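Enquirer: Just one file: entry.cif, with mmCIF, N, CA, C and O atoms.
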```cif
data_work
#
loop_
_atom_site.group_PDB
_atom_site.id
_atom_site.type_symbol
_atom_site.label_atom_id
_atom_site.label_comp_id
_atom_site.auth_asym_id
_atom_site.auth_seq_id
_atom_site.Cartn_x
_atom_site.Cartn_y
_atom_site.Cartn_z
ATOM 1 N N MET A 139 0.839 -1.177 0.000
ATOM 2 C CA MET A 139 0.000 0.000 0.000
ATOM 3 C C MET A 139 0.888 1.246 0.000
ATOM 4 O O MET A 139 1.848 1.339 0.749
ATOM 5 N N THR A 140 0.557 2.185 -0.836
ATOM 6 C CA THR A 140 1.312 3.426 -0.922
ATOM 7 C C THR A 140 0.552 4.525 -0.203
ATOM 8 O O THR A 140 -0.638 4.689 -0.397
ATOM 9 N N THR A 141 1.262 5.254 0.632
ATOM 10 C CA THR A 141 0.680 6.404 1.313
ATOM 11 C C THR A 141 1.194 7.651 0.626
ATOM 12 O O THR A 141 2.401 7.830 0.485
ATOM 13 N N THR A 142 0.283 8.491 0.172
ATOM 14 C CA THR A 142 0.665 9.734 -0.477
ATOM 15 C C THR A 142 0.621 10.853 0.555
ATOM 16 O O THR A 142 -0.388 11.043 1.227
ATOM 17 N N LEU A 143 1.720 11.568 0.682
ATOM 18 C CA LEU A 143 1.832 12.649 1.649
ATOM 19 C C LEU A 143 1.850 13.993 0.936
ATOM 20 O O LEU A 143 2.496 14.125 -0.097
ATOM 21 N N THR A 144 1.165 14.960 1.531
ATOM 22 C CA THR A 144 1.312 16.326 1.048
ATOM 23 C C THR A 144 2.652 16.840 1.576
ATOM 24 O O THR A 144 3.261 16.227 2.466
ATOM 25 N N MET A 145 3.074 17.969 1.068
ATOM 26 C CA MET A 145 4.335 18.545 1.556
ATOM 27 C C MET A 145 4.238 18.854 3.046
ATOM 28 O O MET A 145 5.192 18.638 3.793
ATOM 29 N N ARG A 146 3.098 19.353 3.497
ATOM 30 C CA ARG A 146 2.925 19.674 4.920
ATOM 31 C C ARG A 146 2.884 18.420 5.780
ATOM 32 O O ARG A 146 3.401 18.417 6.892
ATOM 33 N N GLU A 147 2.258 17.370 5.284
ATOM 34 C CA GLU A 147 2.243 16.118 6.035
ATOM 35 C C GLU A 147 3.648 15.538 6.153
ATOM 36 O O GLU A 147 4.046 15.066 7.213
ATOM 37 N N ARG A 148 4.394 15.600 5.054
ATOM 38 C CA ARG A 148 5.778 15.105 5.081
ATOM 39 C C ARG A 148 6.613 15.912 6.082
ATOM 40 O O ARG A 148 7.366 15.357 6.875
ATOM 41 N N ALA A 149 6.448 17.236 6.076
ATOM 42 C CA ALA A 149 7.189 18.093 7.005
ATOM 43 C C ALA A 149 6.813 17.762 8.450
ATOM 44 O O ALA A 149 7.677 17.718 9.327
ATOM 45 N N ALA A 150 5.533 17.505 8.700
ATOM 46 C CA ALA A 150 5.086 17.167 10.052
ATOM 47 C C ALA A 150 5.661 15.824 10.494
ATOM 48 O O ALA A 150 6.142 15.686 11.621
ATOM 49 N N ALA A 151 5.624 14.837 9.606
ATOM 50 C CA ALA A 151 6.166 13.519 9.945
ATOM 51 C C ALA A 151 7.667 13.608 10.204
ATOM 52 O O ALA A 151 8.185 13.007 11.146
ATOM 53 N N GLN A 152 8.375 14.385 9.388
ATOM 54 C CA GLN A 152 9.814 14.535 9.579
ATOM 55 C C GLN A 152 10.124 15.266 10.882
ATOM 56 O O GLN A 152 11.074 14.911 11.587
ATOM 57 N N ALA A 153 9.337 16.288 11.214
ATOM 58 C CA ALA A 153 9.538 17.004 12.477
ATOM 59 C C ALA A 153 9.293 16.078 13.666
ATOM 60 O O ALA A 153 10.022 16.111 14.659
ATOM 61 N N TYR A 154 8.279 15.226 13.561
ATOM 62 C CA TYR A 154 7.987 14.259 14.620
ATOM 63 C C TYR A 154 9.150 13.278 14.777
ATOM 64 O O TYR A 154 9.576 12.982 15.893
ATOM 65 N N ILE A 155 9.678 12.803 13.672
ATOM 66 C CA ILE A 155 10.815 11.876 13.715
ATOM 67 C C ILE A 155 12.019 12.551 14.371
ATOM 68 O O ILE A 155 12.692 11.956 15.223
ATOM 69 N N ARG A 156 12.294 13.801 13.991
ATOM 70 C CA ARG A 156 13.420 14.525 14.617
ATOM 71 C C ARG A 156 13.203 14.673 16.122
ATOM 72 O O ARG A 156 14.138 14.514 16.918
ATOM 73 N N LEU A 157 11.977 14.974 16.527
ATOM 74 C CA LEU A 157 11.670 15.099 17.951
ATOM 75 C C LEU A 157 11.905 13.780 18.670
ATOM 76 O O LEU A 157 12.523 13.755 19.734
ATOM 77 N N MET A 158 11.436 12.693 18.109
ATOM 78 C CA MET A 158 11.605 11.386 18.755
ATOM 79 C C MET A 158 13.092 11.006 18.848
ATOM 80 O O MET A 158 13.541 10.482 19.865
ATOM 81 N N GLU A 159 13.847 11.283 17.801
ATOM 82 C CA GLU A 159 15.279 10.980 17.825
ATOM 83 C C GLU A 159 16.012 11.848 18.843
ATOM 84 O O GLU A 159 16.896 11.366 19.551
ATOM 85 N N ALA A 160 15.637 13.113 18.926
ATOM 86 C CA ALA A 160 16.256 14.010 19.914
ATOM 87 C C ALA A 160 15.903 13.567 21.327
ATOM 88 O O ALA A 160 16.768 13.536 22.213
ATOM 89 N N ALA A 161 14.652 13.203 21.539
ATOM 90 C CA ALA A 161 14.224 12.745 22.866
ATOM 91 C C ALA A 161 14.980 11.483 23.269
ATOM 92 O O ALA A 161 15.442 11.362 24.406
ATOM 93 N N GLN A 162 15.120 10.567 22.343
ATOM 94 C CA GLN A 162 15.855 9.332 22.635
ATOM 95 C C GLN A 162 17.307 9.641 22.998
ATOM 96 O O GLN A 162 17.840 9.107 23.970
ATOM 97 N N ALA A 163 17.940 10.526 22.241
ATOM 98 C CA ALA A 163 19.342 10.871 22.504
ATOM 99 C C ALA A 163 19.494 11.558 23.856
ATOM 100 O O ALA A 163 20.387 11.207 24.644
ATOM 101 N N VAL A 164 18.629 12.513 24.142
ATOM 102 C CA VAL A 164 18.734 13.267 25.393
ATOM 103 C C VAL A 164 18.414 12.386 26.593
ATOM 104 O O VAL A 164 19.140 12.392 27.597
ATOM 105 N N LEU A 165 17.350 11.624 26.500
ATOM 106 C CA LEU A 165 16.920 10.831 27.657
ATOM 107 C C LEU A 165 17.793 9.608 27.907
ATOM 108 O O LEU A 165 17.791 9.070 29.008
ATOM 109 N N SER A 166 18.558 9.180 26.913
ATOM 110 C CA SER A 166 19.445 8.040 27.129
ATOM 111 C C SER A 166 20.807 8.461 27.683
ATOM 112 O O SER A 166 21.618 7.614 28.056
ATOM 113 N N ASP A 167 21.062 9.746 27.746
ATOM 114 C CA ASP A 167 22.321 10.258 28.283
ATOM 115 C C ASP A 167 22.074 10.804 29.688
ATOM 116 O O ASP A 167 21.426 11.837 29.853
ATOM 117 N N PRO A 168 22.610 10.120 30.715
ATOM 118 C CA PRO A 168 22.363 10.554 32.087
ATOM 119 C C PRO A 168 22.804 11.998 32.363
ATOM 120 O O PRO A 168 22.234 12.671 33.223
ATOM 121 N N GLY A 169 23.770 12.482 31.636
ATOM 122 C CA GLY A 169 24.225 13.856 31.830
ATOM 123 C C GLY A 169 23.273 14.887 31.237
ATOM 124 O O GLY A 169 23.199 16.021 31.699
ATOM 125 N N LEU A 170 22.551 14.502 30.188
ATOM 126 C CA LEU A 170 21.634 15.420 29.519
ATOM 127 C C LEU A 170 20.194 15.301 30.015
ATOM 128 O O LEU A 170 19.437 16.266 29.954
ATOM 129 N N ALA A 171 19.817 14.136 30.491
ATOM 130 C CA ALA A 171 18.426 13.866 30.880
ATOM 131 C C ALA A 171 17.841 14.906 31.833
ATOM 132 O O ALA A 171 16.693 15.318 31.642
ATOM 133 N N PRO A 172 18.585 15.355 32.840
ATOM 134 C CA PRO A 172 18.000 16.349 33.740
ATOM 135 C C PRO A 172 17.629 17.673 33.043
ATOM 136 O O PRO A 172 16.799 18.424 33.539
ATOM 137 N N MET A 173 18.229 17.933 31.905
ATOM 138 C CA MET A 173 17.956 19.165 31.167
ATOM 139 C C MET A 173 17.105 18.901 29.920
ATOM 140 O O MET A 173 17.106 19.695 28.986
ATOM 141 N N ALA A 174 16.353 17.813 29.930
ATOM 142 C CA ALA A 174 15.577 17.408 28.754
ATOM 143 C C ALA A 174 14.658 18.522 28.264
ATOM 144 O O ALA A 174 14.538 18.745 27.059
ATOM 145 N N GLY A 175 14.012 19.227 29.176
ATOM 146 C CA GLY A 175 13.105 20.310 28.780
ATOM 147 C C GLY A 175 13.797 21.368 27.957
ATOM 148 O O GLY A 175 13.251 21.874 26.979
ATOM 149 N N VAL A 176 15.025 21.695 28.338
ATOM 150 C CA VAL A 176 15.789 22.715 27.615
ATOM 151 C C VAL A 176 16.164 22.205 26.230
ATOM 152 O O VAL A 176 15.985 22.903 25.230
ATOM 153 N N TYR A 177 16.660 20.974 26.171
ATOM 154 C CA TYR A 177 17.117 20.426 24.903
ATOM 155 C C TYR A 177 15.975 20.100 23.946
ATOM 156 O O TYR A 177 16.167 20.117 22.730
ATOM 157 N N LEU A 178 14.815 19.793 24.476
ATOM 158 C CA LEU A 178 13.710 19.348 23.620
ATOM 159 C C LEU A 178 12.681 20.433 23.309
ATOM 160 O O LEU A 178 11.777 20.207 22.503
ATOM 161 N N SER A 179 12.805 21.596 23.920
ATOM 162 C CA SER A 179 11.789 22.627 23.700
ATOM 163 C C SER A 179 11.716 23.063 22.236
ATOM 164 O O SER A 179 10.626 23.249 21.690
ATOM 165 N N SER A 180 12.839 23.211 21.582
ATOM 166 C CA SER A 180 12.837 23.633 20.180
ATOM 167 C C SER A 180 12.261 22.554 19.256
ATOM 168 O O SER A 180 11.389 22.850 18.436
ATOM 169 N N PRO A 181 12.705 21.291 19.376
ATOM 170 C CA PRO A 181 12.098 20.266 18.516
ATOM 171 C C PRO A 181 10.605 20.069 18.799
ATOM 172 O O PRO A 181 9.839 19.786 17.884
ATOM 173 N N MET A 182 10.183 20.251 20.052
ATOM 174 C CA MET A 182 8.752 20.137 20.362
ATOM 175 C C MET A 182 7.962 21.256 19.705
ATOM 176 O O MET A 182 6.898 21.022 19.131
ATOM 177 N N ALA A 183 8.482 22.465 19.759
ATOM 178 C CA ALA A 183 7.805 23.603 19.134
ATOM 179 C C ALA A 183 7.727 23.422 17.622
ATOM 180 O O ALA A 183 6.697 23.701 17.002
ATOM 181 N N GLU A 184 8.816 22.945 17.023
ATOM 182 C CA GLU A 184 8.834 22.694 15.577
ATOM 183 C C GLU A 184 7.785 21.654 15.205
ATOM 184 O O GLU A 184 7.026 21.830 14.244
ATOM 185 N N ALA A 185 7.738 20.560 15.947
ATOM 186 C CA ALA A 185 6.765 19.493 15.665
ATOM 187 C C ALA A 185 5.338 19.993 15.858
ATOM 188 O O ALA A 185 4.463 19.720 15.027
ATOM 189 N N ASP A 186 5.081 20.719 16.929
ATOM 190 C CA ASP A 186 3.737 21.264 17.168
ATOM 191 C C ASP A 186 3.286 22.138 16.003
ATOM 192 O O ASP A 186 2.154 22.018 15.534
ATOM 193 N N GLU A 187 4.153 23.023 15.559
ATOM 194 C CA GLU A 187 3.807 23.930 14.467
ATOM 195 C C GLU A 187 3.582 23.158 13.165
ATOM 196 O O GLU A 187 2.641 23.426 12.423
ATOM 197 N N ALA A 188 4.446 22.190 12.877
ATOM 198 C CA ALA A 188 4.308 21.402 11.652
ATOM 199 C C ALA A 188 3.017 20.583 11.683
ATOM 200 O O ALA A 188 2.325 20.475 10.664
ATOM 201 N N LEU A 189 2.681 20.031 12.834
ATOM 202 C CA LEU A 189 1.431 19.272 12.961
ATOM 203 C C LEU A 189 0.227 20.183 12.746
ATOM 204 O O LEU A 189 -0.732 19.814 12.068
ATOM 205 N N ARG A 190 0.280 21.375 13.311
ATOM 206 C CA ARG A 190 -0.811 22.329 13.154
ATOM 207 C C ARG A 190 -0.984 22.703 11.681
ATOM 208 O O ARG A 190 -2.089 22.674 11.152
ATOM 209 N N ARG A 191 0.128 23.029 11.006
ATOM 210 C CA ARG A 191 0.063 23.420 9.599
ATOM 211 C C ARG A 191 -0.484 22.308 8.713
ATOM 212 O O ARG A 191 -1.160 22.572 7.727
ATOM 213 N N ALA A 192 -0.178 21.066 9.065
ATOM 214 C CA ALA A 192 -0.629 19.921 8.264
ATOM 215 C C ALA A 192 -2.034 19.464 8.640
ATOM 216 O O ALA A 192 -2.568 18.551 8.019
ATOM 217 N N GLY A 193 -2.616 20.084 9.664
ATOM 218 C CA GLY A 193 -3.951 19.677 10.097
ATOM 219 C C GLY A 193 -3.950 18.338 10.819
ATOM 220 O O GLY A 193 -4.952 17.628 10.826
ATOM 221 N N LEU A 194 -2.828 18.000 11.430
ATOM 222 C CA LEU A 194 -2.699 16.701 12.102
ATOM 223 C C LEU A 194 -2.806 16.794 13.619
ATOM 224 O O LEU A 194 -2.721 15.780 14.297
ATOM 225 N N THR A 195 -3.011 17.992 14.152
ATOM 226 C CA THR A 195 -3.148 18.134 15.598
ATOM 227 C C THR A 195 -4.346 17.309 16.050
ATOM 228 O O THR A 195 -5.451 17.472 15.538
ATOM 229 N N GLY A 196 -4.122 16.400 16.979
ATOM 230 C CA GLY A 196 -5.198 15.547 17.478
ATOM 231 C C GLY A 196 -5.476 14.339 16.598
ATOM 232 O O GLY A 196 -6.376 13.561 16.888
ATOM 233 N N ASN A 197 -4.728 14.164 15.528
ATOM 234 C CA ASN A 197 -4.934 13.026 14.636
ATOM 235 C C ASN A 197 -3.681 12.152 14.653
ATOM 236 O O ASN A 197 -2.988 12.006 13.652
ATOM 237 N N GLU A 198 -3.423 11.589 15.818
ATOM 238 C CA GLU A 198 -2.205 10.796 16.011
ATOM 239 C C GLU A 198 -2.166 9.570 15.113
ATOM 240 O O GLU A 198 -1.107 9.184 14.629
ATOM 241 N N ALA A 199 -3.323 8.965 14.872
ATOM 242 C CA ALA A 199 -3.351 7.759 14.031
ATOM 243 C C ALA A 199 -2.838 8.072 12.624
ATOM 244 O O ALA A 199 -2.023 7.334 12.072
ATOM 245 N N ARG A 200 -3.293 9.169 12.048
ATOM 246 C CA ARG A 200 -2.831 9.560 10.705
ATOM 247 C C ARG A 200 -1.344 9.908 10.735
ATOM 248 O O ARG A 200 -0.591 9.494 9.860
ATOM 249 N N LEU A 201 -0.915 10.661 11.749
ATOM 250 C CA LEU A 201 0.497 11.017 11.867
ATOM 251 C C LEU A 201 1.367 9.771 11.922
ATOM 252 O O LEU A 201 2.370 9.677 11.213
ATOM 253 N N LEU A 202 0.990 8.809 12.738
ATOM 254 C CA LEU A 202 1.810 7.603 12.869
ATOM 255 C C LEU A 202 1.816 6.781 11.576
ATOM 256 O O LEU A 202 2.832 6.166 11.243
ATOM 257 N N ARG A 203 0.726 6.789 10.825
ATOM 258 C CA ARG A 203 0.726 6.120 9.518
ATOM 259 C C ARG A 203 1.695 6.823 8.563
ATOM 260 O O ARG A 203 2.423 6.166 7.817
ATOM 261 N N LEU A 204 1.719 8.156 8.604
ATOM 262 C CA LEU A 204 2.636 8.906 7.746
ATOM 263 C C LEU A 204 4.091 8.641 8.124
ATOM 264 O O LEU A 204 4.943 8.441 7.253
ATOM 265 N N VAL A 205 4.365 8.643 9.417
ATOM 266 C CA VAL A 205 5.725 8.364 9.895
ATOM 267 C C VAL A 205 6.138 6.962 9.475
ATOM 268 O O VAL A 205 7.250 6.738 8.992
ATOM 269 N N SER A 206 5.233 6.023 9.635
ATOM 270 C CA SER A 206 5.506 4.636 9.255
ATOM 271 C C SER A 206 5.810 4.537 7.761
ATOM 272 O O SER A 206 6.735 3.837 7.349
ATOM 273 N N ALA A 207 5.049 5.250 6.959
ATOM 274 C CA ALA A 207 5.276 5.226 5.515
ATOM 275 C C ALA A 207 6.638 5.823 5.166
ATOM 276 O O ALA A 207 7.346 5.292 4.308
ATOM 277 N N LEU A 208 7.011 6.906 5.838
ATOM 278 C CA LEU A 208 8.316 7.525 5.569
ATOM 279 C C LEU A 208 9.473 6.608 5.940
ATOM 280 O O LEU A 208 10.506 6.602 5.279
ATOM 281 N N ARG A 209 9.297 5.852 6.989
ATOM 282 C CA ARG A 209 10.399 5.033 7.505
ATOM 283 C C ARG A 209 10.401 3.625 6.955
ATOM 284 O O ARG A 209 11.291 2.843 7.273
ATOM 285 N N SER A 210 9.412 3.276 6.135
ATOM 286 C CA SER A 210 9.316 1.911 5.641
ATOM 287 C C SER A 210 10.409 1.605 4.634
ATOM 288 O O SER A 210 10.836 2.481 3.882
ATOM 289 N N PRO A 211 10.844 0.345 4.609
ATOM 290 C CA PRO A 211 11.845 -0.052 3.609
ATOM 291 C C PRO A 211 11.238 0.100 2.211
ATOM 292 O O PRO A 211 10.089 -0.206 1.989
ATOM 293 N N GLY A 212 12.000 0.595 1.319
ATOM 294 C CA GLY A 212 11.515 0.777 -0.038
ATOM 295 C C GLY A 212 10.781 2.080 -0.252
ATOM 296 O O GLY A 212 10.374 2.389 -1.354
ATOM 297 N N GLY A 213 10.580 2.843 0.842
ATOM 298 C CA GLY A 213 9.963 4.156 0.731
ATOM 299 C C GLY A 213 8.626 4.163 0.038
ATOM 300 O O GLY A 213 8.510 4.620 -1.081
ATOM 301 N N THR A 214 7.592 3.639 0.690
ATOM 302 C CA THR A 214 6.285 3.590 0.057
ATOM 303 C C THR A 214 5.558 4.927 0.112
ATOM 304 O O THR A 214 4.493 5.064 -0.441
ATOM 305 N N ALA A 215 6.139 5.892 0.775
ATOM 306 C CA ALA A 215 5.497 7.218 0.852
ATOM 307 C C ALA A 215 5.875 8.041 -0.372
ATOM 308 O O ALA A 215 7.020 8.059 -0.795
ATOM 309 N N ARG A 216 4.900 8.716 -0.918
ATOM 310 C CA ARG A 216 5.144 9.610 -2.049
ATOM 311 C C ARG A 216 4.723 11.016 -1.659
ATOM 312 O O ARG A 216 3.762 11.188 -0.940
ATOM 313 N N ALA A 217 5.427 12.006 -2.175
ATOM 314 C CA ALA A 217 5.054 13.413 -1.906
ATOM 315 C C ALA A 217 3.957 13.825 -2.851
ATOM 316 O O ALA A 217 3.750 13.261 -3.875
#
```
Could you quickly redo this structure as structure tokens?
Expert:
Amino acid sequence: MTTTLTMRERAAAQAYIRLMEAAQAVLSDPGLAPMAGVYLSSPMAEADEALRRAGLTGNEARLLRLVSALRSPGGTARA
């Protein structure tokens, strides 16, 4: 199955992926974890704005399908 993404949906999915990767990096480092709020505030704001622009705020199921499509082997997501 191919998932077709708009440019805004792709930007939102990519921002979400960056946020999750940043959170994983910060929270897995005992030296950085206590300052997680500081390190993650910018990626959270970026993701929030991208989700809002794409109309995905409150639509986690659609967002996760888009993220899954972007990360799938063979790249089944199309812009």
Enquirer: Evaluate the PyMOL selection byres (((chain A and resi 185 and name CA) around 9) and name CA) on the structure here and hand back the selected residues as a ChimeraX atom specification.
Expert: /A:149-157,180-184,186-190
Enquirer: Between A:Ala161, A:Ala174, A:Ser179, A:Thr144, which residue has the minimum interatomic distance to A:Gly193, considering only C-alpha atoms?
Expert: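 Once distances to A:Gly193 are computed over only C-alpha atoms, the minimum belongs to A:Thr144.
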Enquirer: Report the distance between atom N of A:Glu147 and atom O of A:Pro211 in Å, rounded to one decimal place.
Expert: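 Separation of atom N of A:Glu147 and atom O of A:Pro211: 19.5 Å.
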Enquirer: Just list the residues in chain A DSSP gives helix (DSSP H, G or I) on the backbone, as number ranges by chain.
Expert: A: 145-165, 171-192, 198-209
Enquirer: Hey, can you check how far atom O of A:Leu201 sits from atom N of A:Arg148?
Expert: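 Between these atoms lies a distance of 8.8 Å.
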Enquirer: So how far away is atom CA of A:Glu159 from atom CA of A:Leu194, in Å?
Expert: 19.7 Å
Enquirer: Could you pull out the strand (DSSP E or B) residues of chain A from DSSP and send them as a PDB file with N, CA, C and O atoms, keeping the file's coordinate frame?
Expert:
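Once everything was written out, this is states-v3.pdb:
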```
ATOM      1  N   THR A 141       1.262   5.254   0.632  1.00  0.00           N
ATOM      2  CA  THR A 141       0.680   6.404   1.313  1.00  0.00           C
ATOM      3  C   THR A 141       1.194   7.651   0.626  1.00  0.00           C
ATOM      4  O   THR A 141       2.401   7.830   0.485  1.00  0.00           O
ATOM      5  N   THR A 142       0.283   8.491   0.172  1.00  0.00           N
ATOM      6  CA  THR A 142       0.665   9.734  -0.477  1.00  0.00           C
ATOM      7  C   THR A 142       0.621  10.853   0.555  1.00  0.00           C
ATOM      8  O   THR A 142      -0.388  11.043   1.227  1.00  0.00           O
ATOM      9  N   ALA A 215       6.139   5.892   0.775  1.00  0.00           N
ATOM     10  CA  ALA A 215       5.497   7.218   0.852  1.00  0.00           C
ATOM     11  C   ALA A 215       5.875   8.041  -0.372  1.00  0.00           C
ATOM     12  O   ALA A 215       7.020   8.059  -0.795  1.00  0.00           O
ATOM     13  N   ARG A 216       4.900   8.716  -0.918  1.00  0.00           N
ATOM     14  CA  ARG A 216       5.144   9.610  -2.049  1.00  0.00           C
ATOM     15  C   ARG A 216       4.723  11.016  -1.659  1.00  0.00           C
ATOM     16  O   ARG A 216       3.762  11.188  -0.940  1.00  0.00           O
TER      17      ARG A 216
END
```
Enquirer: Measuring between all atoms listed in the file, which one of A:Leu143, A:Ala160, A:Ala192, A:Leu204 shows the shortest distance to A:Leu178?
Expert: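 Of all the options, A:Ala160 lies closest to A:Leu178.
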Enquirer: Name the closest residue to A:Val164 among the candidates A:Ser210, A:Arg146, A:Ala199, A:Tyr177; distances are taken between atoms, counting all atoms listed in the file.
Expert: A:Tyr177
Enquirer: If you keep N, CA and C atoms, can you output stretch 187-213 of chain A as an mmCIF file, in the first residue's frame?
Expert:
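As a result, result.cif now contains:
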```cif
data_model
loop_
_atom_site.group_PDB
_atom_site.id
_atom_site.type_symbol
_atom_site.label_atom_id
_atom_site.label_comp_id
_atom_site.auth_asym_id
_atom_site.auth_seq_id
_atom_site.Cartn_x
_atom_site.Cartn_y
_atom_site.Cartn_z
ATOM 1 N N GLU A 187 4.153 23.023 15.559
ATOM 2 C CA GLU A 187 3.807 23.930 14.467
ATOM 3 C C GLU A 187 3.582 23.158 13.165
ATOM 4 N N ALA A 188 4.446 22.190 12.877
ATOM 5 C CA ALA A 188 4.308 21.402 11.652
ATOM 6 C C ALA A 188 3.017 20.583 11.683
ATOM 7 N N LEU A 189 2.681 20.031 12.834
ATOM 8 C CA LEU A 189 1.431 19.272 12.961
ATOM 9 C C LEU A 189 0.227 20.183 12.746
ATOM 10 N N ARG A 190 0.280 21.375 13.311
ATOM 11 C CA ARG A 190 -0.811 22.329 13.154
ATOM 12 C C ARG A 190 -0.984 22.703 11.681
ATOM 13 N N ARG A 191 0.128 23.029 11.006
ATOM 14 C CA ARG A 191 0.063 23.420 9.599
ATOM 15 C C ARG A 191 -0.484 22.308 8.713
ATOM 16 N N ALA A 192 -0.178 21.066 9.065
ATOM 17 C CA ALA A 192 -0.629 19.921 8.264
ATOM 18 C C ALA A 192 -2.034 19.464 8.640
ATOM 19 N N GLY A 193 -2.616 20.084 9.664
ATOM 20 C CA GLY A 193 -3.951 19.677 10.097
ATOM 21 C C GLY A 193 -3.950 18.338 10.819
ATOM 22 N N LEU A 194 -2.828 18.000 11.430
ATOM 23 C CA LEU A 194 -2.699 16.701 12.102
ATOM 24 C C LEU A 194 -2.806 16.794 13.619
ATOM 25 N N THR A 195 -3.011 17.992 14.152
ATOM 26 C CA THR A 195 -3.148 18.134 15.598
ATOM 27 C C THR A 195 -4.346 17.309 16.050
ATOM 28 N N GLY A 196 -4.122 16.400 16.979
ATOM 29 C CA GLY A 196 -5.198 15.547 17.478
ATOM 30 C C GLY A 196 -5.476 14.339 16.598
ATOM 31 N N ASN A 197 -4.728 14.164 15.528
ATOM 32 C CA ASN A 197 -4.934 13.026 14.636
ATOM 33 C C ASN A 197 -3.681 12.152 14.653
ATOM 34 N N GLU A 198 -3.423 11.589 15.818
ATOM 35 C CA GLU A 198 -2.205 10.796 16.011
ATOM 36 C C GLU A 198 -2.166 9.570 15.113
ATOM 37 N N ALA A 199 -3.323 8.965 14.872
ATOM 38 C CA ALA A 199 -3.351 7.759 14.031
ATOM 39 C C ALA A 199 -2.838 8.072 12.624
ATOM 40 N N ARG A 200 -3.293 9.169 12.048
ATOM 41 C CA ARG A 200 -2.831 9.560 10.705
ATOM 42 C C ARG A 200 -1.344 9.908 10.735
ATOM 43 N N LEU A 201 -0.915 10.661 11.749
ATOM 44 C CA LEU A 201 0.497 11.017 11.867
ATOM 45 C C LEU A 201 1.367 9.771 11.922
ATOM 46 N N LEU A 202 0.990 8.809 12.738
ATOM 47 C CA LEU A 202 1.810 7.603 12.869
ATOM 48 C C LEU A 202 1.816 6.781 11.576
ATOM 49 N N ARG A 203 0.726 6.789 10.825
ATOM 50 C CA ARG A 203 0.726 6.120 9.518
ATOM 51 C C ARG A 203 1.695 6.823 8.563
ATOM 52 N N LEU A 204 1.719 8.156 8.604
ATOM 53 C CA LEU A 204 2.636 8.906 7.746
ATOM 54 C C LEU A 204 4.091 8.641 8.124
ATOM 55 N N VAL A 205 4.365 8.643 9.417
ATOM 56 C CA VAL A 205 5.725 8.364 9.895
ATOM 57 C C VAL A 205 6.138 6.962 9.475
ATOM 58 N N SER A 206 5.233 6.023 9.635
ATOM 59 C CA SER A 206 5.506 4.636 9.255
ATOM 60 C C SER A 206 5.810 4.537 7.761
ATOM 61 N N ALA A 207 5.049 5.250 6.959
ATOM 62 C CA ALA A 207 5.276 5.226 5.515
ATOM 63 C C ALA A 207 6.638 5.823 5.166
ATOM 64 N N LEU A 208 7.011 6.906 5.838
ATOM 65 C CA LEU A 208 8.316 7.525 5.569
ATOM 66 C C LEU A 208 9.473 6.608 5.940
ATOM 67 N N ARG A 209 9.297 5.852 6.989
ATOM 68 C CA ARG A 209 10.399 5.033 7.505
ATOM 69 C C ARG A 209 10.401 3.625 6.955
ATOM 70 N N SER A 210 9.412 3.276 6.135
ATOM 71 C CA SER A 210 9.316 1.911 5.641
ATOM 72 C C SER A 210 10.409 1.605 4.634
ATOM 73 N N PRO A 211 10.844 0.345 4.609
ATOM 74 C CA PRO A 211 11.845 -0.052 3.609
ATOM 75 C C PRO A 211 11.238 0.100 2.211
ATOM 76 N N GLY A 212 12.000 0.595 1.319
ATOM 77 C CA GLY A 212 11.515 0.777 -0.038
ATOM 78 C C GLY A 212 10.781 2.080 -0.252
ATOM 79 N N GLY A 213 10.580 2.843 0.842
ATOM 80 C CA GLY A 213 9.963 4.156 0.731
ATOM 81 C C GLY A 213 8.626 4.163 0.038
#
```
